[in-house]
Amino acid sequence: MTAPTAEIEDQPADWASVRGGIGDRIFSGAALAAGLTILAALAGVFIFLLAKGATGFSKPAGVYGPHAESFLGYVFPLLVGTFTASIIALIIAVPLAFGIALVISHYAPKWLSAPVAFVIDLLAAVPSVVYGLWGAFFLAKKLVPMHDWLHATFGGWPILGALFGEPSTAGRTVLTAGIVLAIMILPIITAITREVFSRTPRLHEEAALALGATRWEMIRMTVFPYSRSGMVSAVMLGLGRALGETMAVTMVLSVGFDLSWNIIAQSSPTSIAANVALKYKERSADLLNVLVATGLVLFLLTFLVNFAARWVIGRSERRMAR
Amino acid sequence: MKLKSLRNAAVPGVAALALLMSACGASNESGNDTDSTDGGLSGELNGGGATSQEKAQDAWKASFQGANGGNLVVNYALLGSTDGRSQFISKALSFAGSDSYIKDEDLTKAKERCGGTIVEVPAYISSIAIAYNLPGVDELKLDAATIAKIFAGKITTWNDQAIAAQNDGVELPATKISPVHRSDDSGTTKNFTDYLGKVAPGDWKYEAEDAFPVSGGLSAEGTSGVVKQIGDVEGAIGYADASQAGDLSHVSVKVGDAYVAPSPEGAAKTVEVSPVVEGRDATDIAVDVDRTTTEAGAYPVILLSYLIACETYDDATEAANVKGYLEYIVSDEGQQDAADNAGSAKLAATTAKQAQDIVAKISSK
């Protein structure tokens with residue numbers, strides 16, 4: 001591989017332009033500029049959030065509205081709401097997405113896998129407000145009997161009983177929001193895992209099969225270990241979308257401020273992003289600072305989640321390399 | 001080569017731009033000319049603020065622009081009351097719509113902006129209906145204390161003694177009550193909770209605020225969201241602008257010894273009998289809505305929205321446009337227009353007269 005490269009460098013071929021150097025430099029400069037723009041934008045957002053939101057951390061108690069007296073009291077239920085909905089979404093979406101990705105990459109015949117993959121990708125193109133409309137006006141109502149059933153069945157159980165307490169009469173619960181979010185993050189996770197699954201070296205798979213592994217054993221022994229980092233980053237991207245999702249949660253969830261384990265309660269704390277969307281329109285200048293401050297919290301949190309994901313991926317890659 | 005062609009293109013570009021600008025200037029001048037000759041208004045009038053006035057403003061805009069032969073363009077930006085007031089103060093808007101009268105701390109700033117007194121008139125009155133979804137029950141009478149207990153989550157079933165006692169002969173089911181409130185901050189919530197707090201202070205101990213203070217009930221975004229939610233859930237009760245509460249049944253509220261259903265006349269009456277805030281200029285009708293009124297026929301659960309403008313403007317065109325538009329809004333014709341199109345209540349005759357007199361004083365320096 002290296003030998004021919006060296007040859008080309010030694011004596012330029014006829015087709016190699018002498019003036020190519022300028023083009024290269026322009027291109028690399030443009031690419032660098034593009035990269036730096038991203039960083040600058042990110043830094044700009046951060047500085048804006050910090051400048052506008054800094055005062056939001058310590059306003060007089062009245063500003064934090066009727067439900068809280070301090071910034072912590074204001075943002076904590078929102079954080080809980082953000083994470084509850086996202087975690088429910090992940091619990092539903094991740095196994096489903098991995099399953100779909102496996103079917104597409106390893107199980108289904110070609111004539112089936114291509115259209116299925118296409119339809120899943122199509123889900124990603126649906127705007128979140130459409131999911132919100134569907135969730136709020138159609139799905140929520142249909143899920144009321146399910147809420148009643150969950151309460152009737154599991155309401156008396158030790159741990160599940162706390163999760164499935166007094167059910168909502170409208171179905172606009174964290175559980176419903178989580179289900180809608182799950183459908184929204186499904187295509188992202190599926191698309192990425194599908195790609196990494198299909199990148200598993202043919203030789204690994206064939207070696208496993210040759211050793212007498214069943215197809216499932218082959219997938220466990222070759223596909224999963226090889227794709228682990230890709231799977232983690234897919235889940236993290238999905239989580240990122242779920243954490244920041246605004247419209248769907250705003251429309252689906254019936255908002256309350258009391259913390260409770262009950263995920264089918266009449267009302268539950270909303271997510272940070274949805275809260276900003278709800279409160280922005282009619283607000284005092286002070287509350288704006290508070291909202292920006294909650295945005296800063298979400299920004300830092302998403303950063304943290306991404307860093308954690310990178311770290312997990314890095315660690316598993318190092319282990320793979322060994 | 002590339003650079004040269006760019007330079008070639010720039011020359012006609014600049015020329016076109018210059019032409020365009022001079023054309024704009026010219027049209028402005030001609031606009032002023034027609035202004036002085038036939039009295040019609042022209043140019044652009046920018047206002048904005050309270051979203052509650054949306055439908056009424058749409059109607060006023062359409063009629064007023066039509067009356068001026070389309071030479072005047074009125075913009076009303078749906079910013080929310082807070083932004084409307086602050087953008088009026090920062091001179092971005094010529095007038096503002098606001099669900100609450102301008103507060104004392106902002107009043108000095110507003111006066112600075114105007115370089116004199118401000119004009120503040122009630123322009124849009126709307127009843128807030130307490131709507132419910134209870135099949136088989138078409139009429140429901142409640143006093144403020146019972147309503148407060150329902151929304152605070154203290155009364156949880158429809159056949160509760162407190163409800164039954166006020167509704168003789170009505171068969172109330174044992175359905176669970178699902179109170180519905182606004183999830184976004186809203187002047188409707190503020191007026192509704194203000195009513196509960198003033199009339200039933202023992203049962204409603206929360207401040208009147210844009211955000212609904214009690215957690216636990218159902219919430220939905222916007223008036224339409226609340227109406228939809230009430231319609232969807234049997235046993236639901238909520239508050240919404242009466243004009244948009246659709247086919248839902250409305251609670252008759254106890255006023256004095258009688259029960260009053262929401263009506264435009266009842267709403268206008270409440271404004272008429274409410275006291276004006278002391279210490280304001282003559283051009284500033286800030287009304288403290290009297291929720292506890294016992295006046296026969298008055299319906300005290302209302303939303304009152306104002307128009308805020310300056311008494312004098314530097315620019316003659318701006319002054320003429322603001323004056324013309326506001327005069328139309330508070331005129332009988334304008335109020336009827338809003339009542340027809342937005343379902344609002346017309347200002348009572350005395351209130352309207354006061355407002356018309358004030359708006360007529362708007363002028364240029």
# chains A, B, ... in the order shown; residues from 1 in each chain; ligands from 1

call {"tool": "select_by_dssp", "arguments": {"residues": "range 13-187 of chain B", "states": "alpha helix (DSSP H)", "output": "PyMOL selection string"}}
result
chain B and resi 13-38+54-67+81-89+104-114+144-151+161-166+187

call {"tool": "closest_atom_pairs", "arguments": {"of": "chain A", "to": "chain B", "cutoff": "9 Å", "atoms": "only C-alpha atoms", "output": "tab-separated table"}}
result
residue	atom	partner	partner_atom	distance
A:Gly65	CA	B:Ala211	CA	7.2
A:Pro66	CA	B:Pro213	CA	5.3
A:His67	CA	B:Pro213	CA	6.7
A:Phe137	CA	B:Lys228	CA	8.6
A:Lys141	CA	B:Asp232	CA	7.7
A:Ser168	CA	B:Leu218	CA	8.4
A:Thr169	CA	B:Val233	CA	6.7
A:Ala170	CA	B:Val233	CA	6.0
A:Arg172	CA	B:Leu218	CA	8.2
A:Thr250	CA	B:Glu221	CA	7.8
A:Met251	CA	B:Glu221	CA	7.0
A:Val252	CA	B:Ala220	CA	8.6
A:Leu253	CA	B:Ser219	CA	8.0
A:Ser254	CA	B:Ser219	CA	4.6
A:Val255	CA	B:Ser219	CA	5.6
A:Gly256	CA	B:Ser215	CA	4.8
A:Phe257	CA	B:Ser215	CA	5.6
A:Asp258	CA	B:Ser215	CA	6.4
A:Ala265	CA	B:Gly216	CA	8.3
A:Gln266	CA	B:Leu218	CA	5.8
A:Ser267	CA	B:Gly216	CA	5.6
A:Ser268	CA	B:Gly216	CA	7.8
A:Asn275	CA	B:Asp184	CA	8.5
A:Ala277	CA	B:Asp184	CA	8.4
A:Leu278	CA	B:Asp184	CA	4.6
A:Lys279	CA	B:Asp184	CA	5.5
A:Tyr280	CA	B:Asp185	CA	8.2
A:Lys281	CA	B:Gly80	CA	5.8
A:Glu282	CA	B:Gly80	CA	5.1
A:Arg283	CA	B:Thr82	CA	6.3
A:Ser284	CA	B:Thr82	CA	6.3
A:Ala285	CA	B:Thr82	CA	8.2

call {"tool": "closest_residue", "arguments": {"among": "A:Trp311, A:Phe303, A:Phe71, A:Trp134", "to": "Phe57 in chain A", "atoms": "only C-alpha atoms"}}
result
A:Phe71

call {"tool": "residues_around", "arguments": {"residues": "Leu142 in chain B", "least_positions_apart": "3", "cutoff": "10 Å", "atoms": "only C-alpha atoms", "output": "PyMOL selection string"}}
result
chain B and resi 130+145-148+162-167+251-255+259-260

call {"tool": "write_last_selection", "arguments": {"atoms": "C-alpha atoms", "output": "mmCIF file, in the first residue's frame"}}
result
data_model
loop_
_atom_site.group_PDB
_atom_site.id
_atom_site.type_symbol
_atom_site.label_atom_id
_atom_site.label_comp_id
_atom_site.auth_asym_id
_atom_site.auth_seq_id
_atom_site.Cartn_x
_atom_site.Cartn_y
_atom_site.Cartn_z
ATOM 1 C CA ILE B 130 -66.399 27.879 33.164
ATOM 2 C CA ALA B 145 -66.233 28.786 46.811
ATOM 3 C CA THR B 146 -67.347 25.540 45.184
ATOM 4 C CA ILE B 147 -65.521 26.388 41.952
ATOM 5 C CA ALA B 148 -62.393 27.144 43.975
ATOM 6 C CA ALA B 162 -71.508 21.125 47.901
ATOM 7 C CA ILE B 163 -72.488 20.848 44.238
ATOM 8 C CA ALA B 164 -75.761 19.031 44.855
ATOM 9 C CA ALA B 165 -76.909 21.637 47.406
ATOM 10 C CA GLN B 166 -76.872 24.357 44.731
ATOM 11 C CA ASN B 167 -78.467 22.282 42.031
ATOM 12 C CA VAL B 251 -71.558 27.043 34.617
ATOM 13 C CA SER B 252 -73.817 29.802 35.955
ATOM 14 C CA VAL B 253 -71.863 31.675 38.580
ATOM 15 C CA LYS B 254 -73.342 33.007 41.792
ATOM 16 C CA VAL B 255 -73.475 36.816 41.858
ATOM 17 C CA TYR B 259 -76.791 32.713 39.327
ATOM 18 C CA VAL B 260 -75.568 34.369 36.142
#

call {"tool": "closest_residue", "arguments": {"among": "A:Met184, A:Met236, A:Ala177, A:Ala125", "to": "Phe307 in chain A", "atoms": "only C-alpha atoms"}}
result
A:Met236

call {"tool": "closest_residue", "arguments": {"among": "B:Ser127, B:Gln65, B:Asn71, B:Gln335", "to": "Phe192 in chain B", "atoms": "only C-alpha atoms"}}
result
B:Ser127

call {"tool": "residues_around", "arguments": {"residues": "Ala309 in chain A", "least_positions_apart": "6", "cutoff": "10 Å", "atoms": "only C-alpha atoms", "output": "ChimeraX atom specification"}}
result
/A:229,232-237,303,315

call {"tool": "residues_around", "arguments": {"residues": "range 340-349 of chain B", "least_positions_apart": "4", "cutoff": "6 Å", "atoms": "only C-alpha atoms", "output": "list in words"}}
result
Lys55, Ala56, Ile125, Ser126, Ser243, Pro264, Ala268 and Gln335 of chain B

call {"tool": "atom_distance", "arguments": {"atom1": "CA of Ser86 in chain A", "atom2": "CA of Ala242 in chain A"}}
result
5.3 Å

call {"tool": "residues_around", "arguments": {"residues": "Ala101 in chain A", "least_positions_apart": "6", "cutoff": "10 Å", "atoms": "only C-alpha atoms", "output": "compact mmCIF listing (two decimals) with all heavy atoms, in the first residue's frame"}}
result
# COMPACT_ATOMS: atom_id res chain seq x y z
N PRO A 95 -34.71 -1.73 22.61
CA PRO A 95 -34.83 -3.13 22.18
C PRO A 95 -35.50 -3.25 20.82
O PRO A 95 -35.08 -4.05 19.98
CB PRO A 95 -35.72 -3.75 23.27
CG PRO A 95 -35.74 -2.81 24.39
CD PRO A 95 -35.44 -1.46 23.85
N TYR A 107 -31.60 -10.89 9.12
CA TYR A 107 -32.64 -11.92 9.05
C TYR A 107 -33.49 -11.85 7.79
O TYR A 107 -33.71 -12.85 7.12
CB TYR A 107 -33.55 -11.86 10.28
CG TYR A 107 -32.93 -12.49 11.50
CD1 TYR A 107 -32.16 -11.76 12.39
CD2 TYR A 107 -33.11 -13.85 11.75
CE1 TYR A 107 -31.58 -12.35 13.49
CE2 TYR A 107 -32.52 -14.45 12.86
CZ TYR A 107 -31.77 -13.70 13.74
OH TYR A 107 -31.21 -14.30 14.83
N SER A 113 -36.14 -6.39 3.45
CA SER A 113 -35.34 -5.49 4.30
C SER A 113 -35.25 -4.08 3.71
O SER A 113 -35.31 -3.10 4.44
CB SER A 113 -33.95 -6.07 4.52
OG SER A 113 -33.24 -6.11 3.31
N VAL A 116 -38.51 -2.10 4.43
CA VAL A 116 -38.64 -1.85 5.88
C VAL A 116 -37.69 -0.74 6.30
O VAL A 116 -38.07 0.20 7.01
CB VAL A 116 -38.37 -3.13 6.70
CG1 VAL A 116 -38.24 -2.80 8.18
CG2 VAL A 116 -39.49 -4.13 6.48
N ALA A 117 -36.45 -0.83 5.84
CA ALA A 117 -35.46 0.20 6.17
C ALA A 117 -35.93 1.56 5.69
O ALA A 117 -35.81 2.57 6.40
CB ALA A 117 -34.12 -0.15 5.54
N ILE A 120 -38.72 2.94 7.96
CA ILE A 120 -38.19 3.39 9.25
C ILE A 120 -37.50 4.75 9.08
O ILE A 120 -37.69 5.66 9.89
CB ILE A 120 -37.19 2.36 9.81
CG1 ILE A 120 -37.89 1.04 10.10
CG2 ILE A 120 -36.51 2.90 11.06
CD1 ILE A 120 -38.70 1.01 11.35
N PRO A 187 -36.22 5.72 14.59
CA PRO A 187 -35.50 5.69 13.32
C PRO A 187 -34.02 6.01 13.46
O PRO A 187 -33.19 5.41 12.77
CB PRO A 187 -36.20 6.75 12.47
CG PRO A 187 -37.10 7.48 13.37
CD PRO A 187 -37.34 6.65 14.57
N ILE A 189 -31.97 5.46 16.05
CA ILE A 189 -31.25 4.32 16.61
C ILE A 189 -31.21 3.18 15.60
O ILE A 189 -30.17 2.54 15.39
CB ILE A 189 -31.92 3.86 17.94
CG1 ILE A 189 -32.05 5.05 18.89
CG2 ILE A 189 -31.13 2.75 18.58
CD1 ILE A 189 -32.65 4.70 20.23
N THR A 190 -32.32 2.93 14.94
CA THR A 190 -32.37 1.85 13.96
C THR A 190 -31.37 2.08 12.82
O THR A 190 -30.61 1.19 12.47
CB THR A 190 -33.78 1.71 13.37
OG1 THR A 190 -34.71 1.64 14.43
CG2 THR A 190 -33.90 0.48 12.52
N ALA A 191 -31.39 3.28 12.27
CA ALA A 191 -30.56 3.55 11.11
C ALA A 191 -29.08 3.35 11.43
O ALA A 191 -28.34 2.73 10.65
CB ALA A 191 -30.81 4.98 10.62
N ILE A 192 -28.65 3.85 12.59
CA ILE A 192 -27.23 3.74 12.92
C ILE A 192 -26.85 2.30 13.23
O ILE A 192 -25.84 1.79 12.71
CB ILE A 192 -26.88 4.67 14.09
CG1 ILE A 192 -27.11 6.12 13.68
CG2 ILE A 192 -25.44 4.47 14.52
CD1 ILE A 192 -26.98 7.09 14.80
N THR A 193 -27.65 1.62 14.07
CA THR A 193 -27.28 0.24 14.42
C THR A 193 -27.34 -0.66 13.19
O THR A 193 -26.52 -1.55 13.03
CB THR A 193 -28.20 -0.32 15.53
OG1 THR A 193 -29.54 0.00 15.22
CG2 THR A 193 -27.83 0.24 16.87
N ARG A 194 -28.29 -0.39 12.30
CA ARG A 194 -28.38 -1.19 11.08
C ARG A 194 -27.07 -1.11 10.30
O ARG A 194 -26.52 -2.11 9.86
CB ARG A 194 -29.51 -0.64 10.22
CG ARG A 194 -29.80 -1.44 8.97
CD ARG A 194 -30.86 -0.73 8.17
NE ARG A 194 -30.34 0.50 7.56
CZ ARG A 194 -31.08 1.58 7.34
NH1 ARG A 194 -32.33 1.61 7.71
NH2 ARG A 194 -30.55 2.64 6.76
N GLU A 195 -26.55 0.13 10.19
CA GLU A 195 -25.29 0.31 9.47
C GLU A 195 -24.14 -0.44 10.13
O GLU A 195 -23.37 -1.12 9.47
CB GLU A 195 -24.96 1.80 9.37
CG GLU A 195 -25.79 2.53 8.35
CD GLU A 195 -25.72 1.87 6.98
OE1 GLU A 195 -24.61 1.60 6.50
OE2 GLU A 195 -26.80 1.61 6.41
N VAL A 196 -24.04 -0.30 11.47
CA VAL A 196 -22.88 -0.94 12.11
C VAL A 196 -23.03 -2.47 12.12
O VAL A 196 -22.04 -3.18 11.98
CB VAL A 196 -22.63 -0.43 13.55
CG1 VAL A 196 -22.13 0.99 13.54
CG2 VAL A 196 -23.84 -0.58 14.43
N PHE A 197 -24.25 -2.94 12.25
CA PHE A 197 -24.45 -4.40 12.19
C PHE A 197 -23.98 -4.96 10.85
O PHE A 197 -23.33 -6.00 10.79
CB PHE A 197 -25.93 -4.76 12.38
CG PHE A 197 -26.41 -4.64 13.80
CD1 PHE A 197 -27.77 -4.66 14.09
CD2 PHE A 197 -25.51 -4.52 14.85
CE1 PHE A 197 -28.23 -4.54 15.39
CE2 PHE A 197 -25.96 -4.41 16.16
CZ PHE A 197 -27.31 -4.41 16.43
N SER A 198 -24.32 -4.24 9.80
CA SER A 198 -23.99 -4.79 8.48
C SER A 198 -22.50 -4.63 8.16
O SER A 198 -22.02 -5.17 7.18
CB SER A 198 -24.84 -4.12 7.41
OG SER A 198 -24.57 -2.74 7.40

call {"tool": "residues_around", "arguments": {"residues": "Val276 in chain A", "least_positions_apart": "3", "cutoff": "12 Å", "atoms": "only C-alpha atoms", "output": "ChimeraX atom specification"}}
result
/A:75,78,244-247,249-250,270-273,279-283,287-296,298 /B:183-185

call {"tool": "write_last_selection", "arguments": {"atoms": "C-alpha atoms", "output": "compact mmCIF listing (two decimals), in the first residue's frame"}}
result
# COMPACT_ATOMS: atom_id res chain seq x y z
CA VAL A 75 -35.46 23.29 37.67
CA LEU A 78 -38.22 19.82 35.13
CA GLY A 244 -34.26 18.12 23.75
CA GLU A 245 -37.63 17.29 22.23
CA THR A 246 -40.00 20.18 22.66
CA MET A 247 -43.17 20.16 20.62
CA VAL A 249 -43.87 16.78 24.93
CA THR A 250 -45.48 20.23 25.05
CA THR A 270 -42.78 18.62 31.96
CA SER A 271 -39.36 18.70 30.29
CA ILE A 272 -37.07 21.73 30.29
CA ALA A 273 -37.47 22.34 26.57
CA LYS A 279 -43.79 29.81 29.37
CA TYR A 280 -42.06 31.94 26.79
CA LYS A 281 -45.03 33.73 25.29
CA GLU A 282 -46.46 35.49 28.31
CA ARG A 283 -43.63 36.13 30.70
CA LEU A 287 -38.76 34.82 34.12
CA LEU A 288 -37.01 35.02 30.75
CA ASN A 289 -33.66 34.93 32.57
CA VAL A 290 -34.84 31.92 34.53
CA LEU A 291 -35.94 30.14 31.37
CA VAL A 292 -32.58 30.82 29.75
CA ALA A 293 -30.90 29.49 32.89
CA THR A 294 -32.89 26.25 32.62
CA GLY A 295 -31.75 26.14 29.00
CA LEU A 296 -28.18 26.40 30.23
CA LEU A 298 -30.13 21.41 29.70
CA SER B 183 -50.38 24.83 30.81
CA ASP B 184 -49.00 28.00 29.24
CA ASP B 185 -49.01 31.32 31.05

call {"tool": "select_by_dssp", "arguments": {"residues": "range 76-319 of chain B", "states": "strand (DSSP E)", "output": "ChimeraX atom specification"}}
result
/B:76-78,95-98,118-132,140-142,178-182,218-220,236-241,249-255,258-260,302-310,312-313
